[in-house]
Amino acid sequence: YLSSSYVGVGAAGEAPLHVYKAAVSQKHTPDELLRLEQKDEGVDMSAGHGVALTFYVGETGGSDHGGSIAVVREAEGDADSSSAMTFYTAGDDTAPVEVMRIDSSGNVGIGESSPDELMHLKSATDAKPVIKIEQSGNNVNGGGITFLTSSTATNDDLSGTIRFKGMNDASEETEFATIYVKHTDIADGSEDGQMKFRVRTGASFDTNFLLDGNS
């Protein structure tokens with residue numbers, strides 16, 4: 001379908017480009033409506049090769065590249081098609097830079113292009129990154145963080161750990177302090193727990209403070 005302003009694929013266009021496909025009953029996977037494809041036709045590919053959608057925003061007298069969403073190769077070898085999805089944004093009159101990545105393992109990096117955990121935040125700015133949890137309603141209770149172990153329970157399971165790390169003078173990532181919670185008794189109706197605070201002294205950790213049901 002083609003009009004003076006709109007192109008419609010599968011239906012009359014209601015936007016400059018409108019792609020339509022009727023839903024299929026009881027289908028539990030998304031339909032492909034648009035494909036961006038790059039093929040190896042005899043070139044040496046490398047990490048970073050891929051395809052992108054680019055977005056331009058209006059500026060006085062024209063437009064500027066405001067951001068992109070791309071899917072790129074992670075590996076140098078042509079036979080390895082492991083891919084990451086990357087997101088780019090731009091400041092005023094600057095080229096877009098990568099701000100977030102979802103790698104082929106499902107790890108998410110914000111400010112980090114090689115995330116090594118499900119969520120990895122990184123910043124070179126002093127006192128950053130910061131996680132902010134805001135509850136904006138006129139309510140009694142604010143937000144929270146929940147640590148849950150939902151598999152088969154055993155005594156001495158740890159339901160959550162907060163680790164405080166830094167670099168030593170040998171450029172080694174080092175844990176300096178830890179807060180964690182232990183399930184000392186998981187029997188239904190008589191559950192007990194402990195919260196432990198420990199600090200590194202020399203080459204070992206000492207439990208400096210312990211909270212349980214009796215203290």
# chains A, B, ... in the order shown; residues from 1 in each chain; ligands from 1
call {"tool": "residues_around", "arguments": {"residues": "stretch 17-23 of chain A", "least_positions_apart": "6", "cutoff": "8 Å", "atoms": "only C-alpha atoms", "output": "list in words"}}
result
Tyr6, Val7, Gly8, Val9, Gly10, Ala11 and Leu33 of chain A
call {"tool": "residues_around", "arguments": {"residues": "A:Leu36", "least_positions_apart": "2", "cutoff": "12 Å", "atoms": "only C-alpha atoms", "output": "JSON, numbers by chain"}}
result
{"A": [32, 33, 34, 38, 39, 50, 51, 52, 53, 69, 70, 71, 72]}
call {"tool": "residues_around", "arguments": {"residues": "A:Asn107", "least_positions_apart": "2", "cutoff": "10 Å", "atoms": "only C-alpha atoms", "output": "VMD selection string"}}
result
chain A and resid 84 101 to 105 109 114 to 120
call {"tool": "residues_around", "arguments": {"residues": "stretch 133-150 of chain A", "least_positions_apart": "3", "cutoff": "9 Å", "atoms": "only C-alpha atoms", "output": "PyMOL selection string"}}
result
chain A and resi 153+157-161
call {"tool": "write_last_selection", "arguments": {"atoms": "C-alpha atoms", "output": "CSV table (one decimal), in the first residue's frame"}}
result
chain,number,residue,atom,x,y,z
A,153,ALA,CA,16.3,-25.4,51.8
A,157,ASP,CA,22.1,-21.6,53.5
A,158,LEU,CA,22.9,-18.0,52.8
A,159,SER,CA,20.0,-15.9,51.5
A,160,GLY,CA,22.1,-12.9,50.5
A,161,THR,CA,25.5,-11.4,50.6
call {"tool": "select_by_dssp", "arguments": {"residues": "stretch 98-133 of chain A", "states": "strand (DSSP E or B)", "output": "list of chain:residue names"}}
result
A:Glu98, A:Val99, A:Met100, A:Arg101, A:Ile102, A:Val108, A:Gly109, A:Ile110, A:Met119, A:His120, A:Leu121
call {"tool": "residues_around", "arguments": {"residues": "A:Ser82", "least_positions_apart": "5", "cutoff": "7 Å", "atoms": "only C-alpha atoms", "output": "PDB file with N, CA, C and O atoms, in the first residue's frame"}}
result
ATOM      1  N   ARG A  73      28.666  -8.815  16.702  1.00  0.00           N
ATOM      2  CA  ARG A  73      29.411 -10.029  17.004  1.00  0.00           C
ATOM      3  C   ARG A  73      30.290  -9.810  18.228  1.00  0.00           C
ATOM      4  O   ARG A  73      30.858  -8.739  18.420  1.00  0.00           O
ATOM      5  N   GLU A  74      30.427 -10.852  19.052  1.00  0.00           N
ATOM      6  CA  GLU A  74      31.296 -10.774  20.233  1.00  0.00           C
ATOM      7  C   GLU A  74      32.681 -11.359  19.973  1.00  0.00           C
ATOM      8  O   GLU A  74      33.630 -11.027  20.687  1.00  0.00           O
ATOM      9  N   ALA A  75      32.791 -12.236  19.003  1.00  0.00           N
ATOM     10  CA  ALA A  75      34.038 -12.983  18.798  1.00  0.00           C
ATOM     11  C   ALA A  75      34.750 -12.531  17.531  1.00  0.00           C
ATOM     12  O   ALA A  75      34.141 -12.010  16.588  1.00  0.00           O
ATOM     13  N   SER A 104      25.695 -12.216  25.077  1.00  0.00           N
ATOM     14  CA  SER A 104      25.085 -13.472  24.638  1.00  0.00           C
ATOM     15  C   SER A 104      24.726 -14.393  25.791  1.00  0.00           C
ATOM     16  O   SER A 104      23.955 -15.339  25.616  1.00  0.00           O
TER      17      SER A 104
END
call {"tool": "residues_around", "arguments": {"residues": "stretch 121-126 of chain A", "least_positions_apart": "2", "cutoff": "9 Å", "atoms": "only C-alpha atoms", "output": "VMD selection string"}}
result
chain A and resid 108 to 112 115 119 128 to 130
call {"tool": "write_last_selection", "arguments": {"atoms": "C-alpha atoms", "output": "PDB file, in the first residue's frame"}}
result
ATOM      1  CA  VAL A 108      23.549  -6.665  31.295  1.00  0.00           C
ATOM      2  CA  GLY A 109      26.272  -4.030  31.422  1.00  0.00           C
ATOM      3  CA  ILE A 110      25.534  -0.344  32.005  1.00  0.00           C
ATOM      4  CA  GLY A 111      28.735   1.564  31.358  1.00  0.00           C
ATOM      5  CA  GLU A 112      30.451  -1.834  30.971  1.00  0.00           C
ATOM      6  CA  PRO A 115      29.600  -7.559  32.005  1.00  0.00           C
ATOM      7  CA  MET A 119      23.770  -6.827  36.175  1.00  0.00           C
ATOM      8  CA  LYS A 128      29.218   6.692  40.968  1.00  0.00           C
ATOM      9  CA  PRO A 129      27.477   4.454  40.033  1.00  0.00           C
ATOM     10  CA  VAL A 130      24.548   4.768  42.414  1.00  0.00           C
TER      11      VAL A 130
END
call {"tool": "decode", "arguments": {"residues": "stretch 73-85 of chain A", "atoms": "all heavy atoms", "output": "mmCIF file, in the first residue's frame"}}
result
data_model
loop_
_atom_site.group_PDB
_atom_site.id
_atom_site.type_symbol
_atom_site.label_atom_id
_atom_site.label_comp_id
_atom_site.auth_asym_id
_atom_site.auth_seq_id
_atom_site.Cartn_x
_atom_site.Cartn_y
_atom_site.Cartn_z
ATOM 1 N N ARG A 73 28.666 -8.815 16.702
ATOM 2 C CA ARG A 73 29.411 -10.029 17.004
ATOM 3 C C ARG A 73 30.290 -9.810 18.228
ATOM 4 O O ARG A 73 30.858 -8.739 18.420
ATOM 5 C CB ARG A 73 30.284 -10.426 15.814
ATOM 6 C CG ARG A 73 29.517 -10.856 14.576
ATOM 7 C CD ARG A 73 30.445 -10.957 13.356
ATOM 8 N NE ARG A 73 31.703 -11.597 13.709
ATOM 9 C CZ ARG A 73 31.890 -12.920 13.737
ATOM 10 N NH1 ARG A 73 30.904 -13.727 13.433
ATOM 11 N NH2 ARG A 73 33.065 -13.419 14.076
ATOM 12 N N GLU A 74 30.427 -10.852 19.052
ATOM 13 C CA GLU A 74 31.296 -10.774 20.233
ATOM 14 C C GLU A 74 32.681 -11.359 19.973
ATOM 15 O O GLU A 74 33.630 -11.027 20.687
ATOM 16 C CB GLU A 74 30.651 -11.520 21.407
ATOM 17 C CG GLU A 74 29.397 -10.865 21.936
ATOM 18 C CD GLU A 74 28.809 -11.612 23.115
ATOM 19 O OE1 GLU A 74 28.787 -12.872 23.081
ATOM 20 O OE2 GLU A 74 28.371 -10.961 24.061
ATOM 21 N N ALA A 75 32.791 -12.236 19.003
ATOM 22 C CA ALA A 75 34.038 -12.983 18.798
ATOM 23 C C ALA A 75 34.750 -12.531 17.531
ATOM 24 O O ALA A 75 34.141 -12.010 16.588
ATOM 25 C CB ALA A 75 33.749 -14.480 18.720
ATOM 26 N N GLU A 76 36.079 -12.738 17.498
ATOM 27 C CA GLU A 76 36.875 -12.404 16.321
ATOM 28 C C GLU A 76 36.729 -13.459 15.229
ATOM 29 O O GLU A 76 36.735 -13.131 14.050
ATOM 30 C CB GLU A 76 38.359 -12.275 16.715
ATOM 31 C CG GLU A 76 38.650 -11.114 17.661
ATOM 32 C CD GLU A 76 38.458 -9.757 17.008
ATOM 33 O OE1 GLU A 76 38.474 -9.679 15.760
ATOM 34 O OE2 GLU A 76 38.278 -8.775 17.744
ATOM 35 N N GLY A 77 36.615 -14.740 15.602
ATOM 36 C CA GLY A 77 36.558 -15.815 14.623
ATOM 37 C C GLY A 77 35.269 -15.802 13.823
ATOM 38 O O GLY A 77 34.181 -15.627 14.367
ATOM 39 N N ASP A 78 35.395 -16.003 12.491
ATOM 40 C CA ASP A 78 34.221 -15.958 11.626
ATOM 41 C C ASP A 78 33.183 -17.013 11.985
ATOM 42 O O ASP A 78 31.986 -16.812 11.749
ATOM 43 C CB ASP A 78 34.645 -16.158 10.159
ATOM 44 C CG ASP A 78 35.379 -14.950 9.608
ATOM 45 O OD1 ASP A 78 35.649 -14.019 10.380
ATOM 46 O OD2 ASP A 78 35.687 -14.948 8.400
ATOM 47 N N ALA A 79 33.605 -18.156 12.529
ATOM 48 C CA ALA A 79 32.679 -19.263 12.778
ATOM 49 C C ALA A 79 31.855 -19.080 14.050
ATOM 50 O O ALA A 79 30.903 -19.824 14.276
ATOM 51 C CB ALA A 79 33.454 -20.579 12.859
ATOM 52 N N ASP A 80 32.204 -18.114 14.879
ATOM 53 C CA ASP A 80 31.503 -17.896 16.149
ATOM 54 C C ASP A 80 30.559 -16.709 15.992
ATOM 55 O O ASP A 80 30.993 -15.567 15.847
ATOM 56 C CB ASP A 80 32.516 -17.625 17.267
ATOM 57 C CG ASP A 80 31.868 -17.577 18.652
ATOM 58 O OD1 ASP A 80 30.638 -17.397 18.737
ATOM 59 O OD2 ASP A 80 32.604 -17.711 19.644
ATOM 60 N N SER A 81 29.245 -17.000 16.025
ATOM 61 C CA SER A 81 28.262 -15.938 15.808
ATOM 62 C C SER A 81 27.653 -15.424 17.109
ATOM 63 O O SER A 81 26.599 -14.778 17.079
ATOM 64 C CB SER A 81 27.144 -16.438 14.876
ATOM 65 O OG SER A 81 26.460 -17.534 15.469
ATOM 66 N N SER A 82 28.297 -15.692 18.259
ATOM 67 C CA SER A 82 27.794 -15.147 19.524
ATOM 68 C C SER A 82 27.635 -13.635 19.396
ATOM 69 O O SER A 82 28.523 -12.945 18.895
ATOM 70 C CB SER A 82 28.771 -15.458 20.666
ATOM 71 O OG SER A 82 28.915 -16.844 20.844
ATOM 72 N N SER A 83 26.489 -13.129 19.854
ATOM 73 C CA SER A 83 26.162 -11.727 19.606
ATOM 74 C C SER A 83 25.669 -11.030 20.858
ATOM 75 O O SER A 83 25.131 -11.658 21.771
ATOM 76 C CB SER A 83 25.096 -11.615 18.512
ATOM 77 O OG SER A 83 25.528 -12.222 17.315
ATOM 78 N N ALA A 84 25.844 -9.723 20.876
ATOM 79 C CA ALA A 84 25.347 -8.881 21.955
ATOM 80 C C ALA A 84 24.444 -7.798 21.363
ATOM 81 O O ALA A 84 24.614 -7.396 20.211
ATOM 82 C CB ALA A 84 26.504 -8.229 22.706
ATOM 83 N N MET A 85 23.484 -7.339 22.160
ATOM 84 C CA MET A 85 22.661 -6.194 21.768
ATOM 85 C C MET A 85 23.187 -4.978 22.504
ATOM 86 O O MET A 85 23.340 -5.000 23.729
ATOM 87 C CB MET A 85 21.188 -6.435 22.095
ATOM 88 C CG MET A 85 20.290 -5.256 21.748
ATOM 89 S SD MET A 85 18.515 -5.648 21.872
ATOM 90 C CE MET A 85 18.287 -6.543 20.332
#
